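A short worksheet on the structure shown next.
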Amino acid sequence: MSEASDTNNTSAMKGTNKTNGTSGDRAAAIEVRGLRKSFGELEVLRGIDITVRRGEVVCVIGPSGSGKSTLLRCVNLLEEPTSGTVRVAGSEVTDPEVDIDRVRRRIGMVFQAFNLFPHLTALGNLTIAQRRVLGRGKTEAEEVARRNLRRVGLTEKEASYPAQLSGGQQQRVAIARALSMGPDLMLFDEPTSALDPELVGDVLAVMRGLADDGMTMLVVTHEMSFAREVADRVIFMDDGIVVEEGSPDQVVGDPQHARTRAFLSRVLDPAAAEVLEGEPPPGPQPEGGHQEKRGHQEVPKQQPR
Amino acid sequence: MTRRNRTLAVRTAQYAVLLIVVLVFALAADWGELRRAFFDIEVAKEQFPDVVTTALVNTVVYTVLGFTFGLALGLLLALMRLSQVLAYRWLAVAYIEFFRGVPALLVFISLGFGVPLAFQVSINQYVTVMLALGLVGAAYMAETIRAGIQAVPRGQTEAARSLGMSPARAMASIVIPQAFRIVLPPLANELILLTKDSSLVYLLGLSMDQYELAKFGRDALNQHRSLTPILIAGLFYLAITLPLGHLVRRLEARTAKAR
């Protein structure tokens, strides 16, 4: 079966097409099939199948240790899958014959800890890979870099070193760095988890802008309001498998599985979340009067501009 | 006895011991002999300007040559030490263990006599000096640089790789520049040690115009039967190493602040 017809079938089945996608632009950006990953004895991913179509924004949610980040890191092969296949934009990254460096140019990645290069200015962070990997000249690279710094609202910070920037600014520079490579899709690994609450909004606003521009995004996040408002699809993972998958209204608004409900009631109720932070994945919890209130408790921590 | 009084008594005793020791040495020593031996103005005058134009210059040149070569070889060894290739790792470990384990003196003698024997050609003396100092320095610098490379957070390599850089490119553009910033203080320290080790190059067999500070001083010592040249040589070493030591402390302070 050809790749195109395969993905057309999938998208027809799911029926969650993004509204701003042009017709015929439904090819899969990311296809994960039967993905398993073990670290020694510990099996972190236990058979994952997901598809992200072009222009789609997919949020992966789930408790700590559920394998979300590992899944994301398998997509650009920062982690080597134990078995299964990962196709990104038509290239099978799990194929040893494939030049992974070439594929990675088209996959932007944003890390929880920003991982900016501390010895380079903001502009240097944005130009180094353009020049060393894409072979762009200094002028062109800087032009692209400035355009992307403007996009994340940090034009005036181009000469600053990462240590001189706030966490939120660093993360926006990191997003701009990934964008400067002109990626086909972007991976976000808990991009706001390391930020002070008041800095989260600026980063989410930038991500929202990207989504509005039609960027394909796979986002591991704890920001339920972001998932709810921006995602085309939400995937709930627990214990190395996809438990539930669907539109944000389905998964966050009306979860079908007990595990999803238990997780959501904890993250949407800050007091409960604090108590349980760092705990092992929860078992099913009895339903209480929480269910009714859940939607309203999900107040954004900040006001994105 | 109150605690305050006790502190005072202990402090007084400490000063008293110091004073007694100093007095004993001051009274026991023959100051006239010492002055004649170490502070002979006539001999001191004769040392100039050669002690600067030849000896000091050579010490600096030898040290810089040795340090440069040692740094390059040290970086290579550090990368070999971290290589995926087992044979490279072994080679690097063997080299480091060997050259850290034998006295520099033996290395210098071996080179001074061995190289001309092995290669029936006369190698430029400066090249031999560079090899001798560099070979010894590289072993120490390799371990320092390796530690620096390993101190660069993993996320840096991951970020570089996620941008499409090859492992070698990520190492060259991202990891090594940061590693060097981390190891700058210990490397400056190594430069101090190498400055002093350069006093061993006389073992390679030098002509007079190739003398560095220590050999120059000893030569003058035999000539004048005075220790004054030794004192002068020592002062010139300090003129190099004290500023370097100051630099190390400033670099360390800067690193501590950046953390």
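Convention: chains lettered A, B, ... in structure tokens order; per-chain residue numbering from 1; ligands numbered from 1 as shown.
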Under the rule of at most 8 Å, produce a per-residue listing of chain B near chain A: chain, number, name, the closest pair of atoms, and the distance in Å, as a tab-separated table, using only C-alpha atoms.
```
residue	atom	partner	partner_atom	distance
B:Gly155	CA	A:Asn115	CA	5.7
B:Gln156	CA	A:Asn115	CA	5.7
B:Glu158	CA	A:Leu78	CA	7.0
B:Ala159	CA	A:Asn115	CA	6.1
B:Ala160	CA	A:Ala129	CA	7.7
B:Arg161	CA	A:Asp101	CA	7.3
B:Ser162	CA	A:Arg104	CA	5.7
B:Leu163	CA	A:Arg105	CA	5.5
B:Gly164	CA	A:Asp101	CA	4.4
B:Met165	CA	A:Val133	CA	6.0
B:Ser166	CA	A:Asp101	CA	6.2
B:Arg169	CA	A:Arg132	CA	7.9
B:Ile174	CA	A:Phe117	CA	7.0
B:Pro177	CA	A:His119	CA	7.5
B:Gln178	CA	A:His119	CA	6.5
```
**Asked** Counting only C-alpha atoms, what is within 8 Å of segment 233-239 of chain B, bar same-chain residues fewer than 3 positions away, as a ChimeraX atom specification?
**Response** /B:51,56,195-196,213-214,216-217,229-230,242-243
Can I get the selection written as a PDB file, in the first residue's frame, with C-alpha atoms?
```pdb
ATOM      1  CA  VAL B  51      69.663  36.908  31.625  1.00  0.00           C
ATOM      2  CA  LEU B  56      64.148  34.729  30.101  1.00  0.00           C
ATOM      3  CA  THR B 195      57.173  26.986  33.037  1.00  0.00           C
ATOM      4  CA  LYS B 196      59.044  25.348  35.886  1.00  0.00           C
ATOM      5  CA  LEU B 213      66.810  30.706  33.174  1.00  0.00           C
ATOM      6  CA  ALA B 214      67.811  27.741  35.310  1.00  0.00           C
ATOM      7  CA  PHE B 216      71.836  30.156  32.647  1.00  0.00           C
ATOM      8  CA  GLY B 217      71.878  30.655  36.416  1.00  0.00           C
ATOM      9  CA  PRO B 229      72.585  34.274  39.527  1.00  0.00           C
ATOM     10  CA  ILE B 230      70.395  31.557  41.076  1.00  0.00           C
ATOM     11  CA  LEU B 242      52.987  34.947  40.004  1.00  0.00           C
ATOM     12  CA  PRO B 243      50.929  36.795  37.349  1.00  0.00           C
TER      13      PRO B 243
END
```
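The protein and nucleic acid residues lying at most 9 Å from Val152 of chain B are Val175, Ile176, Gln178, Ala179 and Ile182 of chain B, with only C-alpha atoms considered and sequence neighbours fewer than 6 positions away removed.
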Go ahead and write the selection's residues with C-alpha atoms as an mmCIF file, in the first residue's frame.
```
data_model
loop_
_atom_site.group_PDB
_atom_site.id
_atom_site.type_symbol
_atom_site.label_atom_id
_atom_site.label_comp_id
_atom_site.auth_asym_id
_atom_site.auth_seq_id
_atom_site.Cartn_x
_atom_site.Cartn_y
_atom_site.Cartn_z
ATOM 1 C CA VAL B 175 31.078 20.875 23.216
ATOM 2 C CA ILE B 176 34.790 21.687 22.910
ATOM 3 C CA GLN B 178 32.418 25.073 26.297
ATOM 4 C CA ALA B 179 34.813 22.457 27.659
ATOM 5 C CA ILE B 182 35.451 25.096 31.976
#
```
**Item:** Separation of atom CA of Arg250 of chain B from atom CA of Val136 of chain B in Å
**Value:** 26.2 Å
**Request:** Enumerate as an NGL selection string all residues of segment 55-270 of chain A assigned to strand (DSSP E) by DSSP on the backbone, naming them with the chain letters and numbers the document uses.
**Result:** :A and (57-61 or 83-88 or 91-92 or 107-110 or 185-189 or 216-220 or 233-238 or 241-246)
What does the file look like for those residues with N, CA, C and O atoms, as a short mmCIF file (atom, residue, chain, number, x, y, z; two decimals), in the first residue's frame?
```
data_model
loop_
_atom_site.label_atom_id
_atom_site.label_comp_id
_atom_site.auth_asym_id
_atom_site.auth_seq_id
_atom_site.Cartn_x
_atom_site.Cartn_y
_atom_site.Cartn_z
N VAL A 57 -1.71 19.93 15.17
CA VAL A 57 -1.08 20.13 16.47
C VAL A 57 -1.59 19.04 17.41
O VAL A 57 -2.78 18.94 17.66
N VAL A 58 -0.66 18.20 17.86
CA VAL A 58 -1.04 17.10 18.72
C VAL A 58 -0.35 17.27 20.07
O VAL A 58 0.86 17.47 20.14
N CYS A 59 -1.14 17.25 21.14
CA CYS A 59 -0.57 17.35 22.48
C CYS A 59 -0.58 15.98 23.13
O CYS A 59 -1.58 15.26 23.07
N VAL A 60 0.55 15.63 23.75
CA VAL A 60 0.64 14.37 24.49
C VAL A 60 0.64 14.72 25.97
O VAL A 60 1.47 15.51 26.43
N ILE A 61 -0.33 14.18 26.69
CA ILE A 61 -0.40 14.43 28.13
C ILE A 61 -0.30 13.10 28.86
O ILE A 61 -0.44 12.04 28.25
N SER A 83 12.23 -1.46 19.30
CA SER A 83 11.62 -2.04 18.11
C SER A 83 10.51 -1.13 17.64
O SER A 83 10.12 -0.19 18.33
N GLY A 84 10.00 -1.42 16.43
CA GLY A 84 8.98 -0.56 15.85
C GLY A 84 9.58 0.39 14.83
O GLY A 84 10.80 0.45 14.67
N THR A 85 8.72 1.11 14.14
CA THR A 85 9.21 2.03 13.12
C THR A 85 8.70 3.45 13.39
O THR A 85 7.63 3.64 13.95
N VAL A 86 9.51 4.40 13.00
CA VAL A 86 9.14 5.81 13.07
C VAL A 86 9.42 6.42 11.71
O VAL A 86 10.54 6.35 11.21
N ARG A 87 8.39 6.96 11.08
CA ARG A 87 8.57 7.66 9.82
C ARG A 87 8.31 9.14 10.05
O ARG A 87 7.33 9.51 10.69
N VAL A 88 9.21 9.96 9.57
CA VAL A 88 9.03 11.40 9.70
C VAL A 88 9.14 12.01 8.30
O VAL A 88 10.16 11.83 7.63
N SER A 91 10.58 9.86 5.61
CA SER A 91 11.82 9.13 5.85
C SER A 91 11.65 8.22 7.06
O SER A 91 11.15 8.66 8.09
N GLU A 92 12.11 6.99 6.90
CA GLU A 92 12.02 6.10 8.05
C GLU A 92 13.26 6.27 8.90
O GLU A 92 14.33 5.78 8.57
N ILE A 107 13.34 18.54 11.49
CA ILE A 107 12.59 18.36 12.72
C ILE A 107 13.10 19.34 13.77
O ILE A 107 14.21 19.18 14.28
N GLY A 108 12.32 20.37 14.06
CA GLY A 108 12.74 21.28 15.12
C GLY A 108 12.45 20.66 16.47
O GLY A 108 11.44 20.00 16.63
N MET A 109 13.37 20.86 17.44
CA MET A 109 13.10 20.30 18.76
C MET A 109 13.31 21.36 19.83
O MET A 109 14.31 22.08 19.81
N VAL A 110 12.36 21.44 20.74
CA VAL A 110 12.45 22.39 21.85
C VAL A 110 12.46 21.59 23.14
O VAL A 110 11.59 20.74 23.35
N LEU A 185 8.40 20.20 10.82
CA LEU A 185 7.58 19.96 12.01
C LEU A 185 8.39 20.30 13.25
O LEU A 185 9.62 20.39 13.19
N MET A 186 7.69 20.48 14.34
CA MET A 186 8.36 20.85 15.59
C MET A 186 7.95 19.91 16.71
O MET A 186 6.78 19.56 16.85
N LEU A 187 8.95 19.51 17.51
CA LEU A 187 8.69 18.70 18.69
C LEU A 187 8.93 19.58 19.92
O LEU A 187 9.94 20.27 20.00
N PHE A 188 8.01 19.56 20.86
CA PHE A 188 8.16 20.33 22.10
C PHE A 188 8.13 19.36 23.27
O PHE A 188 7.15 18.67 23.48
N ASP A 189 9.22 19.34 24.03
CA ASP A 189 9.29 18.42 25.18
C ASP A 189 9.09 19.22 26.46
O ASP A 189 10.04 19.78 27.01
N THR A 216 3.26 22.00 11.89
CA THR A 216 2.98 20.69 12.46
C THR A 216 3.69 20.59 13.81
O THR A 216 4.89 20.83 13.88
N MET A 217 2.94 20.27 14.86
CA MET A 217 3.55 20.28 16.19
C MET A 217 3.14 19.06 17.00
O MET A 217 1.97 18.71 17.04
N LEU A 218 4.15 18.44 17.61
CA LEU A 218 3.90 17.37 18.58
C LEU A 218 4.41 17.89 19.91
O LEU A 218 5.60 18.17 20.07
N VAL A 219 3.48 18.08 20.85
CA VAL A 219 3.80 18.80 22.08
C VAL A 219 3.54 17.93 23.31
O VAL A 219 2.40 17.52 23.54
N VAL A 220 4.60 17.64 24.05
CA VAL A 220 4.41 17.00 25.35
C VAL A 220 4.24 18.12 26.36
O VAL A 220 5.09 19.01 26.46
N ARG A 233 -5.65 17.49 18.41
CA ARG A 233 -5.84 16.16 18.96
C ARG A 233 -5.03 16.05 20.25
O ARG A 233 -3.96 16.66 20.35
N VAL A 234 -5.56 15.31 21.20
CA VAL A 234 -4.85 15.09 22.45
C VAL A 234 -4.66 13.59 22.63
O VAL A 234 -5.57 12.81 22.37
N ILE A 235 -3.45 13.23 23.04
CA ILE A 235 -3.15 11.82 23.30
C ILE A 235 -2.82 11.69 24.77
O ILE A 235 -1.97 12.41 25.29
N PHE A 236 -3.53 10.81 25.46
CA PHE A 236 -3.22 10.57 26.87
C PHE A 236 -2.43 9.28 26.98
O PHE A 236 -2.88 8.22 26.53
N MET A 237 -1.23 9.40 27.56
CA MET A 237 -0.38 8.22 27.73
C MET A 237 -0.25 7.89 29.21
O MET A 237 -0.20 8.78 30.05
N ASP A 238 -0.19 6.61 29.49
CA ASP A 238 0.13 6.19 30.86
C ASP A 238 0.83 4.85 30.78
O ASP A 238 0.43 3.97 30.01
N ILE A 241 1.79 3.23 27.24
CA ILE A 241 0.85 2.99 26.14
C ILE A 241 -0.05 4.20 25.97
O ILE A 241 -0.17 5.04 26.87
N VAL A 242 -0.66 4.29 24.78
CA VAL A 242 -1.66 5.33 24.54
C VAL A 242 -2.98 4.82 25.12
O VAL A 242 -3.53 3.82 24.66
N VAL A 243 -3.47 5.52 26.14
CA VAL A 243 -4.70 5.08 26.79
C VAL A 243 -5.91 5.63 26.05
O VAL A 243 -6.89 4.95 25.84
N GLU A 244 -5.78 6.88 25.65
CA GLU A 244 -6.94 7.54 25.06
C GLU A 244 -6.46 8.59 24.08
O GLU A 244 -5.43 9.23 24.29
N GLU A 245 -7.21 8.77 23.01
CA GLU A 245 -6.77 9.67 21.95
C GLU A 245 -8.01 10.26 21.31
O GLU A 245 -9.00 9.56 21.08
N GLY A 246 -7.99 11.54 21.01
CA GLY A 246 -9.16 12.14 20.37
C GLY A 246 -9.07 13.65 20.41
O GLY A 246 -7.99 14.22 20.68
#
```
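Taking only C-alpha atoms into account, Ser193 of chain A lies nearest to A:Ser64 out of the set A:Asp249, A:Ala159, A:Thr94, A:Ser64.
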